[in-house]
Every structure is written in structure tokens, then in C-alpha cells.
>>> print(open('structure22.pdb').read())   # PDB, C-alpha atoms
MODEL        1
ATOM      1  CA  MET U   1     -17.026   8.776 -14.980
ATOM      2  CA  ALA U   2     -17.482  10.586 -11.689
ATOM      3  CA  LYS U   3     -15.317   9.982  -8.646
ATOM      4  CA  MET U   4     -16.439   6.871  -6.815
ATOM      5  CA  THR U   5     -17.145   7.100  -3.085
ATOM      6  CA  LEU U   6     -15.844   4.621  -0.515
ATOM      7  CA  GLU U   7     -19.444   3.532   0.055
ATOM      8  CA  GLN U   8     -19.871   2.729  -3.633
ATOM      9  CA  LEU U   9     -16.614   0.775  -3.527
ATOM     10  CA  ARG U  10     -17.846  -1.265  -0.530
ATOM     11  CA  LYS U  11     -21.122  -1.961  -2.341
ATOM     12  CA  LEU U  12     -19.308  -3.180  -5.448
ATOM     13  CA  ARG U  13     -17.216  -5.485  -3.276
ATOM     14  CA  GLU U  14     -20.345  -6.927  -1.654
ATOM     15  CA  GLU U  15     -21.857  -7.617  -5.082
ATOM     16  CA  LYS U  16     -18.679  -9.429  -6.143
ATOM     17  CA  LYS U  17     -18.730 -11.480  -2.947
ATOM     18  CA  GLN U  18     -22.266 -12.637  -3.715
ATOM     19  CA  ASP U  19     -21.160 -13.681  -7.219
ATOM     20  CA  LEU U  20     -18.344 -15.678  -5.648
ATOM     21  CA  THR U  21     -20.701 -17.508  -3.315
ATOM     22  CA  ARG U  22     -22.917 -18.502  -6.224
ATOM     23  CA  ARG U  23     -19.983 -19.887  -8.224
ATOM     24  CA  GLU U  24     -18.793 -21.917  -5.200
ATOM     25  CA  VAL U  25     -15.160 -21.484  -6.101
ATOM     26  CA  GLU U  26     -12.961 -24.243  -4.746
ATOM     27  CA  GLY U  27      -9.283 -25.064  -4.841
ATOM     28  CA  LYS U  28      -6.146 -23.764  -3.264
ATOM     29  CA  GLU U  29      -4.842 -20.276  -3.565
ATOM     30  CA  ILE U  30      -2.521 -19.289  -6.407
ATOM     31  CA  GLN U  31       0.183 -16.700  -5.636
ATOM     32  CA  VAL U  32       1.705 -14.344  -8.171
ATOM     33  CA  ILE U  33       4.594 -12.323  -6.746
ATOM     34  CA  VAL U  34       6.027  -9.406  -8.721
ATOM     35  CA  GLY U  35       9.606  -8.260  -8.050
ATOM     36  CA  MET U  36       9.478  -4.527  -7.364
ATOM     37  CA  GLY U  37      13.049  -3.608  -6.480
ATOM     38  CA  THR U  38      14.769  -0.664  -8.163
ATOM     39  CA  CYS U  39      15.873  -3.009 -10.979
ATOM     40  CA  GLY U  40      12.331  -4.291 -11.498
ATOM     41  CA  ILE U  41      10.780  -0.820 -11.431
ATOM     42  CA  ALA U  42      13.334   0.406 -13.987
ATOM     43  CA  ALA U  43      12.381  -2.484 -16.267
ATOM     44  CA  GLY U  44       8.632  -1.796 -16.035
ATOM     45  CA  ALA U  45       7.492  -3.905 -13.052
ATOM     46  CA  LYS U  46       4.823  -1.362 -12.158
ATOM     47  CA  GLN U  47       3.172  -1.931 -15.538
ATOM     48  CA  THR U  48       3.647  -5.690 -15.131
ATOM     49  CA  PHE U  49       1.858  -5.635 -11.765
ATOM     50  CA  ASP U  50      -0.984  -3.666 -13.298
ATOM     51  CA  ALA U  51      -1.219  -6.039 -16.281
ATOM     52  CA  VAL U  52      -1.284  -9.111 -14.019
ATOM     53  CA  VAL U  53      -4.145  -7.648 -11.959
ATOM     54  CA  GLU U  54      -6.108  -6.874 -15.112
ATOM     55  CA  ALA U  55      -5.418 -10.208 -16.821
ATOM     56  CA  VAL U  56      -6.137 -12.362 -13.761
ATOM     57  CA  ASN U  57      -9.401 -10.597 -13.143
ATOM     58  CA  ALA U  58     -10.396 -10.874 -16.821
ATOM     59  CA  SER U  59      -9.614 -14.616 -16.717
ATOM     60  CA  GLY U  60     -12.258 -15.211 -14.055
ATOM     61  CA  LEU U  61      -9.658 -16.338 -11.488
ATOM     62  CA  GLY U  62      -9.768 -13.089  -9.546
ATOM     63  CA  ASP U  63     -10.950 -14.681  -6.306
ATOM     64  CA  GLN U  64      -8.454 -17.548  -6.403
ATOM     65  CA  VAL U  65      -5.298 -15.564  -7.051
ATOM     66  CA  VAL U  66      -3.403 -13.317  -4.661
ATOM     67  CA  ILE U  67      -0.958 -10.843  -6.176
ATOM     68  CA  ARG U  68       1.866  -9.466  -4.088
ATOM     69  CA  GLN U  69       4.883  -7.241  -4.524
ATOM     70  CA  THR U  70       8.316  -8.072  -3.237
ATOM     71  CA  GLY U  71      11.813  -6.632  -3.567
ATOM     72  CA  CYS U  72      14.588  -7.737  -5.894
ATOM     73  CA  MET U  73      14.709 -11.514  -6.389
ATOM     74  CA  GLY U  74      18.384 -11.436  -7.404
ATOM     75  CA  LEU U  75      17.710 -11.722 -11.136
ATOM     76  CA  CYS U  76      18.258  -8.079 -12.097
ATOM     77  CA  TYR U  77      19.408  -8.987 -15.618
ATOM     78  CA  VAL U  78      15.990 -10.401 -16.579
ATOM     79  CA  GLU U  79      13.649  -7.946 -14.875
ATOM     80  CA  PRO U  80      10.727  -7.653 -14.548
ATOM     81  CA  THR U  81      10.558 -10.928 -12.603
ATOM     82  CA  VAL U  82       7.430 -12.754 -11.458
ATOM     83  CA  GLU U  83       7.247 -15.792  -9.176
ATOM     84  CA  VAL U  84       4.225 -18.062  -9.542
ATOM     85  CA  VAL U  85       3.155 -20.543  -6.864
ATOM     86  CA  ALA U  86       0.253 -22.641  -8.120
ATOM     87  CA  PRO U  87      -1.106 -25.918  -6.720
ATOM     88  CA  GLY U  88      -0.072 -28.936  -8.819
ATOM     89  CA  MET U  89       2.609 -27.015 -10.695
ATOM     90  CA  PRO U  90       6.286 -26.313 -10.003
ATOM     91  CA  THR U  91       7.073 -22.986  -8.379
ATOM     92  CA  VAL U  92       8.918 -20.929 -10.972
ATOM     93  CA  ILE U  93      10.373 -17.487 -11.400
ATOM     94  CA  TYR U  94       9.704 -15.957 -14.783
ATOM     95  CA  GLY U  95      11.964 -13.237 -16.177
ATOM     96  CA  LYS U  96      11.484 -10.540 -18.804
ATOM     97  CA  MET U  97       7.819 -10.346 -17.791
ATOM     98  CA  THR U  98       6.879  -7.160 -19.564
ATOM     99  CA  ARG U  99       3.238  -6.104 -19.754
ATOM    100  CA  ASP U 100       2.492  -8.276 -22.832
ATOM    101  CA  PHE U 101       4.128 -11.392 -21.419
ATOM    102  CA  ALA U 102       2.345 -10.880 -18.111
ATOM    103  CA  LYS U 103      -0.939 -11.390 -19.928
ATOM    104  CA  GLU U 104       0.458 -14.517 -21.592
ATOM    105  CA  LEU U 105       1.580 -15.804 -18.181
ATOM    106  CA  VAL U 106      -1.969 -15.610 -16.889
ATOM    107  CA  THR U 107      -3.429 -17.355 -19.943
ATOM    108  CA  LYS U 108      -0.817 -20.106 -20.193
ATOM    109  CA  HIS U 109       0.306 -20.785 -16.623
ATOM    110  CA  LEU U 110      -2.758 -19.974 -14.557
ATOM    111  CA  VAL U 111      -5.566 -20.921 -16.945
ATOM    112  CA  GLU U 112      -4.088 -23.614 -19.238
ATOM    113  CA  LYS U 113      -1.629 -24.934 -16.597
ATOM    114  CA  LYS U 114       1.304 -24.824 -19.017
ATOM    115  CA  LEU U 115       4.744 -23.355 -18.339
ATOM    116  CA  LEU U 116       6.187 -20.522 -20.425
ATOM    117  CA  ASP U 117       9.478 -22.320 -21.063
ATOM    118  CA  ASP U 118      11.277 -19.398 -22.714
ATOM    119  CA  HIS U 119      10.798 -17.178 -19.665
ATOM    120  CA  ILE U 120      11.683 -19.504 -16.797
ATOM    121  CA  PHE U 121      14.622 -18.529 -14.588
ATOM    122  CA  ASP U 122      15.293 -20.472 -11.409
ATOM    123  CA  ARG U 123      16.218 -18.816  -8.139
ATOM    124  CA  PRO U 124      19.941 -18.086  -7.893
ATOM    125  CA  ALA U 125      21.877 -20.588  -5.775
ATOM    126  CA  ALA U 126      21.877 -19.837  -2.063
ATOM    127  CA  ASP U 127      25.652 -19.326  -1.949
ATOM    128  CA  ILE U 128      25.425 -16.615  -4.613
ATOM    129  CA  MET U 129      22.739 -14.823  -2.634
ATOM    130  CA  LYS U 130      24.974 -14.829   0.465
ATOM    131  CA  ASN U 131      28.185 -13.494  -1.123
TER     132      ASN U 131
ATOM    133  CA  MET B 132      17.461   4.506 -14.978
ATOM    134  CA  HIS B 133      13.724   4.798 -14.467
ATOM    135  CA  TYR B 134      11.386   5.819 -17.262
ATOM    136  CA  GLY B 135       8.469   7.601 -15.633
ATOM    137  CA  LEU B 136       8.025   9.881 -12.660
ATOM    138  CA  GLY B 137       5.871   7.247 -11.007
ATOM    139  CA  ASP B 138       8.811   4.843 -11.046
ATOM    140  CA  TYR B 139      10.842   7.252  -8.889
ATOM    141  CA  VAL B 140       7.924   7.757  -6.517
ATOM    142  CA  LEU B 141       7.370   4.007  -6.114
ATOM    143  CA  ASP B 142      11.069   3.369  -5.544
ATOM    144  CA  ILE B 143      11.367   6.037  -2.834
ATOM    145  CA  ALA B 144       8.094   4.953  -1.219
ATOM    146  CA  GLU B 145       9.411   1.386  -1.096
ATOM    147  CA  ASN B 146      12.420   2.661   0.876
ATOM    148  CA  ALA B 147      10.006   4.370   3.273
ATOM    149  CA  VAL B 148       7.952   1.200   3.759
ATOM    150  CA  GLU B 149      11.083  -0.871   4.321
ATOM    151  CA  ALA B 150      12.146   1.493   7.118
ATOM    152  CA  GLY B 151       9.497  -0.097   9.360
ATOM    153  CA  PRO B 152       7.140   2.879   9.731
ATOM    154  CA  ARG B 153       3.764   3.102  11.402
ATOM    155  CA  GLU B 154       2.708   5.591   8.748
ATOM    156  CA  VAL B 155       3.897   6.827   5.364
ATOM    157  CA  ILE B 156       2.536  10.111   4.009
ATOM    158  CA  LEU B 157       2.846  10.901   0.323
ATOM    159  CA  ASP B 158       2.024  14.166  -1.403
ATOM    160  CA  LEU B 159       1.682  14.090  -5.187
ATOM    161  CA  ASP B 160       1.188  17.681  -6.218
ATOM    162  CA  GLU B 161       0.924  18.282  -9.955
ATOM    163  CA  SER B 162       0.628  21.867 -11.213
ATOM    164  CA  GLU B 163       1.185  23.515 -14.562
ATOM    165  CA  ASP B 164       4.744  24.423 -13.511
ATOM    166  CA  CYS B 165       5.988  21.232 -11.956
ATOM    167  CA  PHE B 166       5.269  17.896 -10.317
ATOM    168  CA  ARG B 167       6.177  18.016  -6.604
ATOM    169  CA  VAL B 168       6.473  14.859  -4.544
ATOM    170  CA  SER B 169       6.998  14.350  -0.840
ATOM    171  CA  VAL B 170       7.456  10.950   0.821
ATOM    172  CA  ARG B 171       7.594  10.991   4.619
ATOM    173  CA  ASP B 172       7.861   8.050   6.997
ATOM    174  CA  ASP B 173       8.224   7.624  10.760
ATOM    175  CA  GLY B 174      10.490   4.608  10.421
ATOM    176  CA  ARG B 175      14.015   4.019  11.625
ATOM    177  CA  GLY B 176      15.582   7.085   9.979
ATOM    178  CA  MET B 177      19.259   7.678   9.256
ATOM    179  CA  THR B 178      22.224   9.348  10.904
ATOM    180  CA  ALA B 179      23.930  12.178   8.979
ATOM    181  CA  GLU B 180      26.610   9.722   7.896
ATOM    182  CA  GLU B 181      24.082   7.111   6.711
ATOM    183  CA  LYS B 182      22.168   9.798   4.838
ATOM    184  CA  ALA B 183      25.303  10.891   2.973
ATOM    185  CA  ARG B 184      26.142   7.299   2.091
ATOM    186  CA  ALA B 185      22.592   6.635   0.850
ATOM    187  CA  LEU B 186      23.400   8.858  -2.128
ATOM    188  CA  ASP B 187      26.347   6.676  -3.103
ATOM    189  CA  PRO B 188      25.136   4.172  -5.754
ATOM    190  CA  PHE B 189      27.779   1.696  -4.599
ATOM    191  CA  TYR B 190      26.539   1.622  -1.023
ATOM    192  CA  THR B 191      23.639  -0.180   0.600
ATOM    193  CA  ASP B 192      23.045  -0.981   4.269
ATOM    194  CA  GLY B 193      22.958  -4.705   3.468
ATOM    195  CA  THR B 194      19.747  -5.390   5.387
ATOM    196  CA  LYS B 195      17.743  -6.483   2.348
ATOM    197  CA  HIS B 196      20.402  -8.460   0.494
ATOM    198  CA  ALA B 197      23.520  -9.558   2.336
ATOM    199  CA  GLY B 198      26.592  -8.899   0.217
ATOM    200  CA  ARG B 199      24.813  -6.645  -2.279
ATOM    201  CA  LYS B 200      27.081  -3.761  -3.326
ATOM    202  CA  VAL B 201      24.665  -1.285  -4.850
ATOM    203  CA  GLY B 202      21.755   0.884  -3.727
ATOM    204  CA  LEU B 203      20.392   2.783  -6.691
ATOM    205  CA  GLY B 204      17.047   4.272  -5.672
ATOM    206  CA  LEU B 205      18.122   7.644  -4.259
ATOM    207  CA  PRO B 206      21.103   8.091  -6.646
ATOM    208  CA  PHE B 207      18.789   7.496  -9.630
ATOM    209  CA  LEU B 208      16.391  10.114  -8.308
ATOM    210  CA  ALA B 209      19.055  12.723  -7.579
ATOM    211  CA  GLN B 210      20.615  12.296 -11.009
ATOM    212  CA  ALA B 211      17.279  12.535 -12.856
ATOM    213  CA  VAL B 212      16.083  15.585 -10.932
ATOM    214  CA  GLU B 213      19.360  17.455 -11.421
ATOM    215  CA  LEU B 214      19.389  16.572 -15.124
ATOM    216  CA  ALA B 215      15.922  18.098 -15.483
ATOM    217  CA  GLY B 216      16.831  21.229 -13.530
ATOM    218  CA  GLY B 217      14.555  20.338 -10.649
ATOM    219  CA  ARG B 218      15.332  20.083  -6.948
ATOM    220  CA  TRP B 219      15.391  17.436  -4.252
ATOM    221  CA  ALA B 220      16.029  17.266  -0.526
ATOM    222  CA  ILE B 221      16.310  14.633   2.162
ATOM    223  CA  GLU B 222      15.732  15.147   5.878
ATOM    224  CA  SER B 223      16.258  12.284   8.255
ATOM    225  CA  GLU B 224      16.697  11.679  11.957
ATOM    226  CA  LYS B 225      17.754   8.393  13.474
ATOM    227  CA  GLY B 226      14.813   6.737  15.193
ATOM    228  CA  LYS B 227      12.310   9.331  13.975
ATOM    229  CA  GLY B 228      11.986   8.911  10.226
ATOM    230  CA  THR B 229      12.863  10.293   6.835
ATOM    231  CA  LYS B 230      11.373  12.788   4.411
ATOM    232  CA  VAL B 231      12.318  12.881   0.737
ATOM    233  CA  GLU B 232      11.053  15.733  -1.417
ATOM    234  CA  PHE B 233      11.609  16.366  -5.093
ATOM    235  CA  ALA B 234      10.163  18.371  -7.959
ATOM    236  CA  PHE B 235      10.451  17.990 -11.709
ATOM    237  CA  PRO B 236       9.798  21.168 -13.766
ATOM    238  CA  SER B 237       7.143  20.645 -16.446
ATOM    239  CA  ALA B 238       8.980  22.818 -18.970
ATOM    240  CA  SER B 239      12.115  20.664 -19.020
ATOM    241  CA  VAL B 240      12.381  18.094 -21.804
ATOM    242  CA  ASP B 241      14.408  15.994 -19.373
ATOM    243  CA  SER B 242      11.567  15.664 -16.869
ATOM    244  CA  PRO B 243      10.089  12.164 -16.977
ATOM    245  CA  PRO B 244       6.446  11.714 -18.029
ATOM    246  CA  ALA B 245       3.946  11.491 -15.169
ATOM    247  CA  GLY B 246       2.652   8.190 -16.504
ATOM    248  CA  GLU B 247      -0.509   6.421 -15.379
ATOM    249  CA  ILE B 248      -1.346   7.762 -11.932
ATOM    250  CA  PRO B 249      -3.898   5.001 -11.038
ATOM    251  CA  SER B 250      -1.230   2.390 -11.771
ATOM    252  CA  LEU B 251       1.219   4.234  -9.505
ATOM    253  CA  LEU B 252      -1.348   4.537  -6.713
ATOM    254  CA  LEU B 253      -2.143   0.827  -6.915
ATOM    255  CA  GLY B 254       1.549  -0.014  -6.648
ATOM    256  CA  LEU B 255       1.977   2.322  -3.669
ATOM    257  CA  LEU B 256      -1.021   0.984  -1.768
ATOM    258  CA  CYS B 257       0.041  -2.628  -2.361
ATOM    259  CA  LEU B 258       3.560  -2.237  -0.988
ATOM    260  CA  PRO B 259       3.750  -5.031   1.595
ATOM    261  CA  GLY B 260       3.557  -4.338   5.337
ATOM    262  CA  ASP B 261       1.206  -3.405   8.173
ATOM    263  CA  HIS B 262       1.836   0.332   7.905
ATOM    264  CA  GLU B 263      -0.765   3.018   7.311
ATOM    265  CA  MET B 264      -0.354   5.084   4.164
ATOM    266  CA  LEU B 265      -1.925   8.433   3.438
ATOM    267  CA  ILE B 266      -1.727   9.709  -0.126
ATOM    268  CA  ARG B 267      -2.676  13.316  -0.834
ATOM    269  CA  ARG B 268      -3.085  14.004  -4.522
ATOM    270  CA  LYS B 269      -3.488  17.417  -6.142
ATOM    271  CA  SER B 270      -3.700  18.191  -9.842
ATOM    272  CA  PRO B 271      -5.277  20.894 -12.028
ATOM    273  CA  ARG B 272      -8.336  18.605 -12.216
ATOM    274  CA  GLY B 273      -8.900  18.530  -8.463
ATOM    275  CA  SER B 274      -7.670  16.926  -5.266
ATOM    276  CA  TYR B 275      -8.376  13.903  -3.096
ATOM    277  CA  GLU B 276      -6.920  11.776  -0.299
ATOM    278  CA  LEU B 277      -6.494   8.030  -0.031
ATOM    279  CA  ARG B 278      -6.001   6.132   3.210
ATOM    280  CA  ARG B 279      -4.656   2.597   2.863
ATOM    281  CA  SER B 280      -6.550   1.089   5.827
ATOM    282  CA  GLU B 281      -9.904   2.408   4.605
ATOM    283  CA  LEU B 282      -9.383   1.128   1.083
ATOM    284  CA  SER B 283      -8.184  -2.250   2.314
ATOM    285  CA  GLU B 284     -11.304  -2.606   4.447
ATOM    286  CA  ALA B 285     -13.563  -1.518   1.584
ATOM    287  CA  VAL B 286     -12.239  -4.040  -0.955
ATOM    288  CA  GLY B 287     -11.538  -6.901   1.460
ATOM    289  CA  GLY B 288      -7.732  -6.747   1.616
ATOM    290  CA  LEU B 289      -5.034  -5.663  -0.786
ATOM    291  CA  GLU B 290      -3.885  -8.998  -2.198
ATOM    292  CA  ARG B 291      -6.681 -10.830  -3.981
ATOM    293  CA  ALA B 292      -6.806 -10.049  -7.704
ATOM    294  CA  SER B 293     -10.556  -9.353  -7.656
ATOM    295  CA  SER B 294     -10.074  -6.824  -4.835
ATOM    296  CA  LEU B 295      -7.169  -5.177  -6.628
ATOM    297  CA  ALA B 296      -9.203  -4.867  -9.835
ATOM    298  CA  LEU B 297     -11.963  -3.095  -7.889
ATOM    299  CA  LEU B 298      -9.404  -0.837  -6.275
ATOM    300  CA  ARG B 299      -7.884  -0.084  -9.681
ATOM    301  CA  ASP B 300     -11.314   1.056 -10.958
ATOM    302  CA  TYR B 301     -11.765   3.219  -7.867
ATOM    303  CA  LEU B 302      -8.355   4.849  -8.310
ATOM    304  CA  ALA B 303      -9.061   5.517 -11.987
ATOM    305  CA  SER B 304     -12.334   7.219 -11.050
ATOM    306  CA  MET B 305     -10.508   9.450  -8.553
ATOM    307  CA  GLU B 306      -8.464  10.959 -11.389
ATOM    308  CA  ASP B 307     -11.620  12.331 -13.014
ATOM    309  CA  ASP B 308     -12.473  16.006 -12.742
ATOM    310  CA  ASP B 309     -14.039  17.268  -9.492
TER     311      ASP B 309
ENDMDL
END
>>> encode(input="structure22.pdb", output="C-alpha cells")
Amino acid sequence: MAKMTLEQLRKLREEKKQDLTRREVEGKEIQVIVGMGTCGIAAGAKQTFDAVVEAVNASGLGDQVVIRQTGCMGLCYVEPTVEVVAPGMPTVIYGKMTRDFAKELVTKHLVEKKLLDDHIFDRPAADIMKN
Amino acid sequence: MHYGLGDYVLDIAENAVEAGPREVILDLDESEDCFRVSVRDDGRGMTAEEKARALDPFYTDGTKHAGRKVGLGLPFLAQAVELAGGRWAIESEKGKGTKVEFAFPSASVDSPPAGEIPSLLLGLLCLPGDHEMLIRRKSPRGSYELRRSELSEAVGGLERASSLALLRDYLASMEDDD
């Protein structure tokens, strides 16, 4: 594969936008937020972020899901951590989201609308975060 | 402790982005002898005292997490580089910015693997904020530059999964031979 030019990249984007218009995608935005503090990076959050991008796009939800990075969520002992905000579902923080589980997260939570019970970790209490 | 070289780069670049810069400039220079990295920002910078304390793993400025007692990014880097027989340096001036440079020698068994460069670049470009980022990449296979604002415009923003997948393909193509 040769190096792609910026113009080729823009053209690919335009083609994808036309596909999106034809599919008439509806519904609210889903957010997937990957914790990328030092603790998360040490546990493989970079690979998790990459795997989420790949899996979401492969699932066909690429235009409905935004993927962001954030710092440490205060759950260093279960890194990598991923917060998912999806319409009609509780907002949860998943822990131990290695590359393989990140793919499972997309299939179960985003596509099948089921929670991955074994990986759910709530946000720490506010008083713990302050002290 | 981080596993790959890209983990150190991402961690240090995150510090740069969190310093409130207008621009961050990264050089990723991979030769047969070593992998040299430079991360420079024009953010808030540090005093000499703050710079010295930044290397203490049990110190953080407390701006990100009130009450947090550790700041491990720079100490991790310094320890790993010294273990591998490489070198590192930090220059910083309050109100003007910070530059962190380091190099891992290729011959050392203690140097971390370079890892997947496209994955690193994607992580760097998607660090949150309104800053500009210029990445200059050199390797035995060739060289290229990436500018965050141009790429964001080309793929329609740096958050939607479909845009990020396109960007990922672009970054992978850039690692091919000239």
C-alpha cells in the first residue's frame, strides 16, 4: 500500500458521508470514553482505544458513536477503564477492558444492548475523589 | 511501568496537552542506532523547582485530581531510559512551555519495543483539546509530517468512530516505504 494523500483521505470521507445519507441513520449519539492516564496507558489503554475504534466501525455503528480519551477515572486498579454513555442504557464504567474485552464491549453493550456484568465498576464516591 | 515506547510517548504528550498549549510539536526519529523522541509544547511551563519535583513519583501539582499523591509519567520515563542506557532531558520555562527529549538505544535489551506506530499516532492526535499538533516522523523507511488540524478537517473531526477508522487507515499507509 502506498502512502495516502490528504486529498485521497478527504475523498474517502466524502464517499462515507454519502453512504451515511443513504442509510438515513437516526438515534442519539453513543459515547465511549477511554481512560488514558498513566495507569491506563501502562495497562494497555492505547491498544484498547485502537480496538474500540476498529470494533465500532466493523459493527456498522461508526457514524453513531463518538470515541474520546480522558485522563484517569480514579479506578487505577482495574485499568484499562472505559465509560459508555448510550441512550436507553445506564451509564457505566467498565474495568479491565483489554483489547479482547473491548471488542466484546462493542458487540454486547453497543449492538446487543446488554451489560457486561463482570466488568462493571461504578465511579468512586465523590468524597473519595476529593480526599 | 509501561510496556512499549509508544506508551511513554503518549504519556509525555498527554502532559504537554494538559499544559494548555497552542501547539505541541513531536519528533519521532527512528534510526538503526536508537529511537529519539522530542515533545515540545508552548503551554504553562514549570519553574526550576516545579521541574525538579516533577521527577518525584510521589508528587503531582494536584490540578487534575485533588488530593492525588502520585505523578508517575516522567519518573517512569526517566527510570526506563536510564535502565536501557539511553538519555533524557527536560527544559522548561514558566509561561513559555516545556520540552522533553529522550532516546532509547536499539542495541539495549532493556529498550522497550517501538510497538504499533499507527496506533500511537492515532492516540496522540485524539488527545482532547483545541491545540494544534505537529508530528514529524522519520524512520529508515522514509519520513512524513502530520498536522492535527488538517487531518481533523479531512476526516470530519477526531471523535466519530467512522472518522477515526479512516484516520487509522491513513496513518497505517504513512508507515509504508517512500
>>> interface_residues(input="structure22.pdb", of="chain B", to="chain U", cutoff="9 Å", atoms="all atoms listed in the file", output="PyMOL selection string")
chain B and resi 132-135+137-139+141-142+145+195-199+202-204+250-251+253-254+257-259+281-282+284-287+289-309
>>> closest_residue(input="structure22.pdb", among="B:Gly228, B:Gly176, B:Pro244, B:Gly273", to="Ile156 in chain B", atoms="only C-alpha atoms")
B:Gly228
>>> residues_around(input="structure22.pdb", residues="Tyr94 in chain U", least_positions_apart="2", cutoff="10 Å", atoms="all atoms listed in the file", output="list in words")
Val34, Leu75, Val78, Glu79, Pro80, Thr81, Val82, Glu83, Val84, Thr91, Val92, Lys96, Met97, Phe101, Ala102, Leu105, Leu115, Leu116, Asp117, Asp118, His119, Ile120, Phe121, Asp122 and Arg123 of chain U
>>> write_last_selection(input="structure22.pdb", atoms="C-alpha atoms", output="tab-separated table (two decimals), in the frame of the given file")
chain	number	residue	atom	x	y	z
U	34	VAL	CA	6.03	-9.41	-8.72
U	75	LEU	CA	17.71	-11.72	-11.14
U	78	VAL	CA	15.99	-10.40	-16.58
U	79	GLU	CA	13.65	-7.95	-14.88
U	80	PRO	CA	10.73	-7.65	-14.55
U	81	THR	CA	10.56	-10.93	-12.60
U	82	VAL	CA	7.43	-12.75	-11.46
U	83	GLU	CA	7.25	-15.79	-9.18
U	84	VAL	CA	4.22	-18.06	-9.54
U	91	THR	CA	7.07	-22.99	-8.38
U	92	VAL	CA	8.92	-20.93	-10.97
U	96	LYS	CA	11.48	-10.54	-18.80
U	97	MET	CA	7.82	-10.35	-17.79
U	101	PHE	CA	4.13	-11.39	-21.42
U	102	ALA	CA	2.35	-10.88	-18.11
U	105	LEU	CA	1.58	-15.80	-18.18
U	115	LEU	CA	4.74	-23.36	-18.34
U	116	LEU	CA	6.19	-20.52	-20.42
U	117	ASP	CA	9.48	-22.32	-21.06
U	118	ASP	CA	11.28	-19.40	-22.71
U	119	HIS	CA	10.80	-17.18	-19.66
U	120	ILE	CA	11.68	-19.50	-16.80
U	121	PHE	CA	14.62	-18.53	-14.59
U	122	ASP	CA	15.29	-20.47	-11.41
U	123	ARG	CA	16.22	-18.82	-8.14
>>> closest_residue(input="structure22.pdb", among="B:Met264, B:Val168, B:Ala220, B:Val140", to="Glu276 in chain B", atoms="all atoms listed in the file")
B:Met264
>>> atom_distance(input="structure22.pdb", atom1="CA of Thr107 in chain U", atom2="CA of Leu252 in chain B")
25.7 Å
>>> atom_distance(input="structure22.pdb", atom1="CA of Asn146 in chain B", atom2="CA of Ala245 in chain B")
20.2 Å
>>> residues_around(input="structure22.pdb", residues="Leu186 in chain B", least_positions_apart="2", cutoff="12 Å", atoms="all atoms listed in the file", output="list in words")
Ala179, Glu180, Glu181, Lys182, Ala183, Arg184, Pro188, Phe189, Tyr190, Thr191, Asp192, Val201, Gly202, Leu203, Gly204, Leu205, Pro206, Phe207, Leu208, Ala209, Gln210, Trp219, Ala220 and Ile221 of chain B
>>> write_last_selection(input="structure22.pdb", atoms="C-alpha atoms", output="CSV table (one decimal), in the coordinates of the input")
chain,number,residue,atom,x,y,z
B,179,ALA,CA,23.9,12.2,9.0
B,180,GLU,CA,26.6,9.7,7.9
B,181,GLU,CA,24.1,7.1,6.7
B,182,LYS,CA,22.2,9.8,4.8
B,183,ALA,CA,25.3,10.9,3.0
B,184,ARG,CA,26.1,7.3,2.1
B,188,PRO,CA,25.1,4.2,-5.8
B,189,PHE,CA,27.8,1.7,-4.6
B,190,TYR,CA,26.5,1.6,-1.0
B,191,THR,CA,23.6,-0.2,0.6
B,192,ASP,CA,23.0,-1.0,4.3
B,201,VAL,CA,24.7,-1.3,-4.8
B,202,GLY,CA,21.8,0.9,-3.7
B,203,LEU,CA,20.4,2.8,-6.7
B,204,GLY,CA,17.0,4.3,-5.7
B,205,LEU,CA,18.1,7.6,-4.3
B,206,PRO,CA,21.1,8.1,-6.6
B,207,PHE,CA,18.8,7.5,-9.6
B,208,LEU,CA,16.4,10.1,-8.3
B,209,ALA,CA,19.1,12.7,-7.6
B,210,GLN,CA,20.6,12.3,-11.0
B,219,TRP,CA,15.4,17.4,-4.3
B,220,ALA,CA,16.0,17.3,-0.5
B,221,ILE,CA,16.3,14.6,2.2
>>> atom_distance(input="structure22.pdb", atom1="CA of Arg267 in chain B", atom2="CA of Ser242 in chain B")
21.6 Å
>>> decode(input="structure22.pdb", residues="range 96-108 of chain U", atoms="N, CA and C atoms", output="PDB file, in the first residue's frame")
ATOM      1  N   LYS U  96     -10.846  -3.340  33.446  1.00  0.00           N
ATOM      2  CA  LYS U  96     -10.113  -4.455  32.839  1.00  0.00           C
ATOM      3  C   LYS U  96     -10.495  -4.627  31.366  1.00  0.00           C
ATOM      4  N   MET U  97     -10.631  -3.496  30.677  1.00  0.00           N
ATOM      5  CA  MET U  97     -11.040  -3.521  29.266  1.00  0.00           C
ATOM      6  C   MET U  97      -9.828  -3.659  28.353  1.00  0.00           C
ATOM      7  N   THR U  98      -9.243  -4.833  28.367  1.00  0.00           N
ATOM      8  CA  THR U  98      -8.129  -5.091  27.466  1.00  0.00           C
ATOM      9  C   THR U  98      -8.658  -5.170  26.035  1.00  0.00           C
ATOM     10  N   ARG U  99      -7.773  -5.304  25.095  1.00  0.00           N
ATOM     11  CA  ARG U  99      -8.136  -5.297  23.676  1.00  0.00           C
ATOM     12  C   ARG U  99      -9.273  -6.288  23.368  1.00  0.00           C
ATOM     13  N   ASP U 100      -9.180  -7.517  23.881  1.00  0.00           N
ATOM     14  CA  ASP U 100     -10.198  -8.536  23.590  1.00  0.00           C
ATOM     15  C   ASP U 100     -11.553  -8.168  24.181  1.00  0.00           C
ATOM     16  N   PHE U 101     -11.541  -7.661  25.413  1.00  0.00           N
ATOM     17  CA  PHE U 101     -12.817  -7.304  26.039  1.00  0.00           C
ATOM     18  C   PHE U 101     -13.414  -6.061  25.395  1.00  0.00           C
ATOM     19  N   ALA U 102     -12.570  -5.207  24.848  1.00  0.00           N
ATOM     20  CA  ALA U 102     -13.077  -4.013  24.172  1.00  0.00           C
ATOM     21  C   ALA U 102     -13.950  -4.419  22.983  1.00  0.00           C
ATOM     22  N   LYS U 103     -13.545  -5.460  22.303  1.00  0.00           N
ATOM     23  CA  LYS U 103     -14.361  -5.942  21.175  1.00  0.00           C
ATOM     24  C   LYS U 103     -15.684  -6.499  21.691  1.00  0.00           C
ATOM     25  N   GLU U 104     -15.620  -7.217  22.819  1.00  0.00           N
ATOM     26  CA  GLU U 104     -16.833  -7.784  23.410  1.00  0.00           C
ATOM     27  C   GLU U 104     -17.774  -6.664  23.870  1.00  0.00           C
ATOM     28  N   LEU U 105     -17.199  -5.591  24.399  1.00  0.00           N
ATOM     29  CA  LEU U 105     -17.997  -4.444  24.838  1.00  0.00           C
ATOM     30  C   LEU U 105     -18.827  -3.898  23.680  1.00  0.00           C
ATOM     31  N   VAL U 106     -18.205  -3.772  22.537  1.00  0.00           N
ATOM     32  CA  VAL U 106     -18.912  -3.231  21.376  1.00  0.00           C
ATOM     33  C   VAL U 106     -20.042  -4.176  20.966  1.00  0.00           C
ATOM     34  N   THR U 107     -19.753  -5.466  20.907  1.00  0.00           N
ATOM     35  CA  THR U 107     -20.769  -6.433  20.483  1.00  0.00           C
ATOM     36  C   THR U 107     -21.926  -6.497  21.476  1.00  0.00           C
ATOM     37  N   LYS U 108     -21.598  -6.619  22.764  1.00  0.00           N
ATOM     38  CA  LYS U 108     -22.641  -6.810  23.770  1.00  0.00           C
ATOM     39  C   LYS U 108     -23.363  -5.494  24.107  1.00  0.00           C
TER      40      LYS U 108
END
